[in-house]
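This is run32.cif (mmCIF, C-alpha atoms).
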```cif
data_coords
loop_
_atom_site.label_atom_id
_atom_site.label_comp_id
_atom_site.auth_asym_id
_atom_site.auth_seq_id
_atom_site.Cartn_x
_atom_site.Cartn_y
_atom_site.Cartn_z
CA MET D 243 -136.80 -47.98 -18.95
CA LYS D 244 -133.87 -49.20 -16.88
CA LYS D 245 -131.92 -46.04 -17.67
CA SER D 246 -134.80 -43.81 -16.50
CA ILE D 247 -135.09 -45.75 -13.21
CA LYS D 248 -131.35 -45.41 -12.57
CA PHE D 249 -131.54 -41.68 -13.34
CA ILE D 250 -134.44 -41.18 -10.92
CA LEU D 251 -132.65 -43.10 -8.14
CA SER D 252 -129.46 -41.13 -8.63
CA GLN D 253 -131.41 -37.86 -8.37
CA ILE D 254 -133.10 -39.01 -5.17
CA ILE D 255 -129.74 -39.94 -3.58
CA PHE D 256 -128.27 -36.61 -4.64
CA LEU D 257 -131.18 -34.65 -3.16
CA CYS D 258 -130.90 -36.61 0.09
CA LEU D 259 -127.20 -35.76 0.38
CA ILE D 260 -127.83 -32.08 -0.27
CA SER D 261 -130.63 -31.94 2.30
CA SER D 262 -128.49 -33.68 4.93
CA LEU D 263 -125.61 -31.26 4.40
CA ASN D 264 -127.92 -28.25 4.67
CA ALA D 265 -129.61 -29.62 7.77
CA ALA D 266 -126.50 -29.81 10.00
CA PRO D 267 -122.92 -28.93 9.10
CA GLY D 268 -121.64 -30.76 12.18
CA VAL D 269 -123.51 -33.65 13.75
CA PRO D 270 -127.18 -34.41 13.06
CA GLU D 271 -129.64 -32.37 15.12
CA ALA D 272 -130.93 -35.51 16.79
CA LEU D 273 -127.51 -36.11 18.34
CA GLU D 274 -126.94 -32.60 19.70
CA GLY D 275 -129.18 -33.04 22.73
CA PRO D 276 -127.69 -36.29 24.07
CA TYR D 277 -124.14 -34.99 23.67
CA THR D 278 -124.87 -31.88 25.71
CA ASP D 279 -126.03 -34.23 28.51
CA LEU D 280 -122.53 -35.68 28.65
CA PHE D 281 -121.52 -32.83 30.94
CA LEU D 282 -124.04 -33.86 33.61
CA TYR D 283 -122.98 -37.48 33.25
CA ALA D 284 -119.30 -36.56 33.64
CA LYS D 285 -120.15 -34.41 36.67
CA SER D 286 -122.03 -37.28 38.30
CA LEU D 287 -118.99 -39.53 37.82
CA TYR D 288 -116.74 -36.87 39.35
CA ASP D 289 -119.06 -36.43 42.36
CA ALA D 290 -119.05 -40.21 42.83
CA GLY D 291 -115.25 -40.28 42.93
CA ALA D 292 -114.85 -42.09 39.59
CA TYR D 293 -112.18 -39.66 38.45
CA GLU D 294 -110.72 -41.67 35.57
CA GLU D 295 -114.15 -42.24 34.04
CA ALA D 296 -115.09 -38.60 34.64
CA GLU D 297 -111.97 -37.43 32.82
CA VAL D 298 -112.86 -39.55 29.79
CA GLU D 299 -116.43 -38.20 29.66
CA TYR D 300 -115.36 -34.58 30.11
CA LYS D 301 -112.93 -35.00 27.21
CA ARG D 302 -115.68 -36.63 25.14
CA TYR D 303 -118.01 -33.73 25.91
CA ILE D 304 -115.37 -31.14 24.97
CA PHE D 305 -114.58 -33.02 21.77
CA MET D 306 -118.24 -33.16 20.73
CA GLN D 307 -118.66 -29.41 21.29
CA ASN D 308 -116.40 -28.85 18.28
CA TYR D 309 -119.12 -30.42 16.09
CA VAL D 310 -122.09 -28.54 17.50
CA GLN D 311 -123.16 -25.24 15.97
CA ASN D 312 -123.90 -23.49 19.28
CA GLN D 313 -121.40 -24.47 21.93
CA ASP D 314 -122.87 -25.24 25.31
CA GLU D 315 -122.34 -22.68 28.09
CA LYS D 316 -120.91 -25.43 30.29
CA LEU D 317 -117.83 -25.82 28.09
CA ALA D 318 -115.71 -23.58 30.34
CA ASP D 319 -116.91 -25.54 33.37
CA ALA D 320 -115.78 -28.76 31.68
CA PHE D 321 -112.29 -27.35 31.20
CA CYS D 322 -112.23 -26.28 34.87
CA ALA D 323 -113.33 -29.75 35.94
CA LEU D 324 -110.53 -31.28 33.87
CA ALA D 325 -108.07 -28.92 35.57
CA GLN D 326 -109.21 -30.18 38.98
CA LEU D 327 -108.77 -33.78 37.84
CA TYR D 328 -105.25 -33.02 36.60
CA GLU D 329 -104.51 -31.31 39.91
CA LEU D 330 -105.51 -34.49 41.75
CA LYS D 331 -102.98 -36.34 39.60
CA GLY D 332 -100.31 -33.75 40.36
CA ASN D 333 -100.09 -32.75 36.68
CA HIS D 334 -100.12 -28.97 37.11
CA SER D 335 -98.94 -28.36 33.56
CA LEU D 336 -102.11 -29.87 32.05
CA ALA D 337 -104.19 -28.20 34.75
CA ALA D 338 -102.81 -24.81 33.70
CA GLN D 339 -103.48 -25.59 30.03
CA SER D 340 -107.08 -26.59 30.81
CA ILE D 341 -107.70 -23.36 32.72
CA GLN D 342 -106.26 -21.39 29.83
CA MET D 343 -108.73 -23.11 27.50
CA ALA D 344 -111.54 -22.18 29.89
CA ILE D 345 -110.36 -18.56 29.84
CA ASN D 346 -110.31 -18.57 26.04
CA THR D 347 -113.85 -19.96 26.00
CA LEU D 348 -115.17 -17.27 28.33
CA GLU D 349 -113.39 -14.52 26.39
CA GLN D 350 -115.10 -15.70 23.21
CA ASN D 351 -118.44 -15.61 25.03
CA GLU D 352 -117.66 -12.10 26.34
CA ALA D 353 -117.82 -13.10 29.99
CA THR D 354 -117.59 -10.57 32.83
CA GLY D 355 -114.28 -9.46 34.27
CA GLU D 356 -115.07 -11.09 37.61
CA GLN D 357 -115.50 -14.51 35.98
CA LEU D 358 -112.27 -14.14 34.03
CA ASP D 359 -110.32 -12.93 37.08
CA LYS D 360 -111.42 -16.01 39.00
CA LEU D 361 -110.03 -18.28 36.29
CA ARG D 362 -106.88 -16.19 35.83
CA SER D 363 -106.24 -16.51 39.55
CA LEU D 364 -106.47 -20.29 39.20
CA HIS D 365 -104.21 -20.12 36.16
CA ILE D 366 -101.52 -18.32 38.17
CA LYS D 367 -101.87 -20.91 40.93
CA TYR D 368 -101.31 -23.84 38.56
CA LEU D 369 -98.43 -22.09 36.78
CA THR D 370 -96.80 -21.51 40.18
CA LEU D 371 -97.18 -25.16 41.16
CA GLU D 372 -95.82 -26.24 37.77
CA ALA D 373 -92.75 -24.02 38.25
CA GLN D 374 -92.16 -25.47 41.72
CA GLY D 375 -92.32 -28.99 40.37
CA THR D 376 -89.85 -28.33 37.56
CA ASN D 377 -87.55 -25.85 39.38
CA ALA D 378 -88.29 -23.35 36.62
CA PHE D 379 -88.23 -19.56 36.97
CA LEU D 380 -91.83 -18.40 37.02
CA SER D 381 -90.91 -14.94 35.73
CA ASP D 382 -89.82 -16.57 32.44
CA ASN D 383 -93.38 -17.76 31.82
CA LEU D 384 -95.09 -15.66 29.14
CA PHE D 385 -98.48 -15.81 30.84
CA ILE D 386 -97.08 -14.57 34.16
CA PHE D 387 -95.14 -11.84 32.33
CA SER D 388 -98.36 -10.76 30.58
CA TYR D 389 -100.36 -10.76 33.79
CA MET D 390 -97.74 -8.52 35.42
CA ASN D 391 -97.25 -6.00 32.63
CA MET D 392 -100.25 -5.81 30.30
CA SER D 393 -102.87 -3.16 30.98
CA ASP D 394 -105.72 -5.50 30.00
CA PHE D 395 -105.64 -7.22 33.39
CA SER D 396 -106.99 -5.99 36.70
CA ASP D 397 -104.80 -4.85 39.59
CA VAL D 398 -105.86 -7.95 41.55
CA ILE D 399 -104.43 -10.27 38.89
CA LYS D 400 -101.32 -8.13 38.48
CA LYS D 401 -100.66 -8.25 42.22
CA GLN D 402 -101.12 -12.01 42.35
CA ALA D 403 -98.80 -12.50 39.37
CA PHE D 404 -96.13 -10.25 40.89
CA SER D 405 -96.43 -11.99 44.27
CA ALA D 406 -96.08 -15.41 42.63
CA ALA D 407 -93.04 -14.35 40.58
CA ILE D 408 -91.32 -12.70 43.57
CA SER D 409 -91.99 -15.69 45.85
CA ASN D 410 -90.63 -18.05 43.21
CA ALA D 411 -87.50 -15.93 42.82
CA VAL D 412 -86.94 -15.88 46.59
CA SER D 413 -87.38 -19.66 46.82
CA SER D 414 -84.93 -20.07 43.91
CA GLY D 415 -82.26 -17.98 45.66
CA ARG D 416 -82.50 -15.04 43.23
CA PHE D 417 -82.83 -12.46 46.00
CA GLU D 418 -81.63 -9.40 44.10
CA TYR D 419 -83.99 -10.13 41.20
CA ALA D 420 -86.86 -10.63 43.65
CA GLN D 421 -86.12 -7.29 45.30
CA ASN D 422 -86.00 -5.47 41.95
CA THR D 423 -89.28 -7.10 40.87
CA PHE D 424 -90.95 -5.99 44.10
CA ASN D 425 -89.76 -2.42 43.50
CA GLN D 426 -91.25 -2.60 40.01
CA ALA D 427 -94.52 -3.92 41.45
CA THR D 428 -94.82 -1.07 43.95
CA GLN D 429 -94.32 1.45 41.15
CA LEU D 430 -97.01 -0.10 38.94
CA LEU D 431 -99.34 -0.92 41.85
CA PRO D 432 -98.74 1.68 44.56
CA ASN D 433 -101.83 0.63 46.54
CA ALA D 434 -101.39 -3.15 46.27
CA TRP D 435 -99.58 -3.38 49.62
CA SER D 436 -100.00 -1.16 52.65
CA GLU D 437 -97.16 1.08 53.80
CA GLN D 438 -96.46 -1.26 56.70
CA GLN D 439 -96.36 -4.30 54.41
CA GLN D 440 -94.01 -2.54 52.02
CA ALA D 441 -91.74 -1.53 54.90
CA ASP D 442 -91.67 -5.10 56.27
CA ILE D 443 -90.91 -6.60 52.85
CA ILE D 444 -88.14 -4.06 52.14
CA THR D 445 -86.60 -4.72 55.57
CA GLY D 446 -86.80 -8.46 54.90
CA PHE D 447 -84.97 -8.05 51.57
CA GLU D 448 -82.28 -5.92 53.20
CA LYS D 449 -81.61 -8.61 55.80
CA LEU D 450 -81.71 -11.37 53.18
CA CYS D 451 -79.30 -9.62 50.82
CA ALA D 452 -76.98 -8.71 53.71
CA PHE D 453 -76.63 -12.36 54.74
CA LYS D 454 -73.27 -13.83 53.74
CA PRO D 455 -73.40 -17.63 53.34
CA LYS D 456 -70.68 -19.56 55.10
CA ASN D 457 -67.95 -21.06 52.95
CA GLN D 458 -68.17 -24.84 52.57
CA LYS D 459 -64.52 -25.20 51.52
CA LEU D 460 -63.42 -23.29 54.60
CA ALA D 461 -65.51 -25.63 56.74
CA GLY D 462 -63.69 -28.57 55.16
CA TYR D 463 -60.26 -27.10 55.88
CA LEU D 464 -61.23 -26.31 59.48
CA SER D 465 -62.27 -29.95 59.91
CA PHE D 466 -58.64 -31.04 59.98
CA PHE D 467 -58.99 -30.01 63.61
CA PRO D 468 -61.84 -32.33 64.75
CA GLY D 469 -65.13 -30.51 65.32
CA LEU D 470 -63.96 -27.05 64.26
CA GLY D 471 -65.73 -27.24 60.87
CA GLN D 472 -69.02 -28.20 62.52
CA LEU D 473 -68.54 -25.42 65.06
CA TYR D 474 -68.12 -23.00 62.15
CA ALA D 475 -71.46 -24.27 60.80
CA HIS D 476 -73.14 -23.70 64.20
CA ASP D 477 -73.82 -27.42 64.64
CA TYR D 478 -72.60 -27.78 68.20
CA LYS D 479 -73.78 -31.36 68.69
CA ASP D 480 -71.86 -32.64 65.64
CA ALA D 481 -68.89 -30.54 66.70
CA ALA D 482 -68.77 -32.24 70.12
CA ASN D 483 -69.17 -35.70 68.58
CA ALA D 484 -66.45 -35.06 65.99
CA PHE D 485 -64.09 -33.70 68.64
CA LEU D 486 -64.53 -36.70 70.94
CA LEU D 487 -64.55 -39.43 68.27
CA ASN D 488 -61.99 -38.12 65.77
CA GLY D 489 -59.89 -36.61 68.52
CA SER D 490 -59.67 -39.96 70.27
CA ILE D 491 -58.58 -41.77 67.10
CA ILE D 492 -55.98 -39.09 66.36
CA ALA D 493 -54.67 -39.29 69.93
CA VAL D 494 -54.36 -43.09 69.80
CA SER D 495 -52.69 -42.96 66.38
CA ALA D 496 -50.27 -40.27 67.56
CA TRP D 497 -49.35 -42.38 70.59
CA SER D 498 -48.64 -45.40 68.37
CA LEU D 499 -46.39 -43.33 66.13
CA CYS D 500 -44.58 -41.75 69.07
CA THR D 501 -43.89 -45.19 70.58
CA LEU D 502 -42.83 -46.51 67.15
CA ASP D 503 -45.63 -49.07 67.21
CA PHE D 504 -46.04 -48.98 63.43
CA TRP D 505 -47.55 -52.45 63.33
CA THR D 506 -50.57 -51.50 65.46
CA PHE D 507 -50.90 -48.16 63.65
CA SER D 508 -50.89 -49.69 60.18
CA LEU D 509 -53.21 -52.61 60.98
CA LEU D 510 -55.71 -51.10 63.42
CA GLU D 511 -55.55 -47.34 63.33
CA PHE D 512 -54.53 -45.97 59.93
CA ASN D 513 -57.62 -47.02 57.97
CA PRO D 514 -60.17 -45.83 60.63
CA LEU D 515 -58.23 -42.57 60.96
CA ILE D 516 -58.49 -41.81 57.22
CA ARG D 517 -62.15 -42.81 57.07
CA PHE D 518 -63.16 -40.74 60.07
CA MET D 519 -61.23 -37.73 58.78
CA GLN D 520 -63.00 -37.97 55.43
CA GLY D 521 -66.36 -38.28 57.18
CA ASN D 522 -65.51 -35.32 59.38
CA ILE D 523 -64.73 -33.10 56.39
CA TYR D 524 -67.87 -34.22 54.52
CA ASN D 525 -70.13 -33.64 57.54
CA ALA D 526 -68.68 -30.19 58.13
CA GLN D 527 -69.40 -29.15 54.54
CA LYS D 528 -72.89 -30.69 54.72
CA ASP D 529 -73.63 -28.87 57.99
CA THR D 530 -72.46 -25.60 56.43
CA TYR D 531 -74.73 -26.08 53.42
CA GLN D 532 -77.71 -26.89 55.65
CA TYR D 533 -76.95 -23.86 57.83
CA ASN D 534 -76.99 -21.56 54.79
CA ILE D 535 -80.30 -22.99 53.54
CA LYS D 536 -81.91 -22.81 56.98
CA LYS D 537 -80.77 -19.22 57.53
CA GLN D 538 -82.01 -18.11 54.12
CA GLN D 539 -85.38 -19.77 54.78
CA GLU D 540 -85.66 -17.99 58.12
CA LEU D 541 -84.88 -14.62 56.55
CA SER D 542 -87.20 -15.15 53.56
CA ALA D 543 -90.15 -16.43 55.62
CA PRO D 544 -91.45 -12.92 56.58
CA ILE D 545 -91.27 -11.83 52.93
CA LEU D 546 -93.17 -14.86 51.66
CA GLN D 547 -95.75 -14.44 54.42
CA GLU D 548 -96.45 -10.82 53.46
CA LEU D 549 -96.65 -11.68 49.73
CA ALA D 550 -99.13 -14.49 50.43
CA GLN D 551 -101.64 -12.10 52.02
#
```
Turn the structure described in the file into structure tokens.
Amino acid sequence: MKKSIKFILSQIIFLCLISSLNAAPGVPEALEGPYTDLFLYAKSLYDAGAYEEAEVEYKRYIFMQNYVQNQDEKLADAFCALAQLYELKGNHSLAAQSIQMAINTLEQNEATGEQLDKLRSLHIKYLTLEAQGTNAFLSDNLFIFSYMNMSDFSDVIKKQAFSAAISNAVSSGRFEYAQNTFNQATQLLPNAWSEQQQADIITGFEKLCAFKPKNQKLAGYLSFFPGLGQLYAHDYKDAANAFLLNGSIIAVSAWSLCTLDFWTFSLLEFNPLIRFMQGNIYNAQKDTYQYNIKKQQELSAPILQELAQ
């Protein structure tokens, strides 16, 4: 009798397990509804400014979608919302990754090209910001390279990717590479920029590549004559100050040496003379470096402005 009861109970438990497995391979059906409402809850937190809590709920919602048979259509929106939250934190790397996950989701759902282009545009934006933050070369990024060269993407996305890569190269000082990339872009996308825009950009590159940066070492050598190094760097105010201050110390020191007043020279004048000469040389080299950067920024500004349109 006891054996028959145990057998019947074991069969009931077995049947219950089988029925539960057949009913829902992920989470029970009763739980699917509440978990899909997590998106609206996370959105309400975001709208209320509770960004940390919203991030947690969006992640919870995305996690639970992996256990639901039919993924909710708002999954891509959840990834986009996470990207915005990461952008608020200044974490453009995670923002770019979240947008890429949103793109993958829409591609699986066979979304329209317009929807995908909107997200790809955001993806390029976050990749550009990530490269700026890490001083990386954007053209080395595989996604940007794909956007520029693969035929699967629209001309709008290709133009944006090329513009981002060229702008990044200009900002990084790789002017020749930027010019060659622009020439490649005009060949692949002949109608992306108007004839006037192309002419302005080409002229801008010619001026930028023709600019010869001033030599910092030469500025240092010229500084042995007070103010001449700053004058070489086109910093006329510092040149006048260096000439008056350092020139005065040199004149006083020379007078002490000529009158054989070595005591005054060694105690009161020698140390200030050396220090001011060192400062003069350093400032001349610094002014030269700043002049080169400022001039390059002035010459590259028209190019960047045209590419941003």
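Nearest residue to Gln342 in chain D, choosing from D:Leu369, D:Ala475, D:Ala482, D:Ala284 and counting all atoms listed in the file: D:Leu369.
For the pair CA of Ser396 in chain D and CA of Ser340 in chain D, the separation is 21.4 Å.
Against this structure, the PyMOL selection byres ((chain D and resi 380-390) around 8) ends up with Ile366, Leu369, Thr370, Ala373, Ala378, Phe379, Asn391, Met392, Phe395, Ile399, Lys400, Lys401, Ala403, Phe404, Ala406, Ala407, Asn410 and Ala411 of chain D.
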Query raised in the report: Which one is closest to Ile545 in chain D: D:Pro455, D:Gly291, D:Gly446, D:Gly355? Count only C-alpha atoms.
Result: D:Gly446
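Distance-wise, CA of Asn522 in chain D and CA of Tyr463 in chain D end up 10.4 Å apart.
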Query raised in the report: Which residues fall under the PyMOL selection byres ((chain D and resi 548) around 9) in this file, as a PyMOL selection string?
Result: chain D and resi 435+439-440+442-443+543-547+549-551
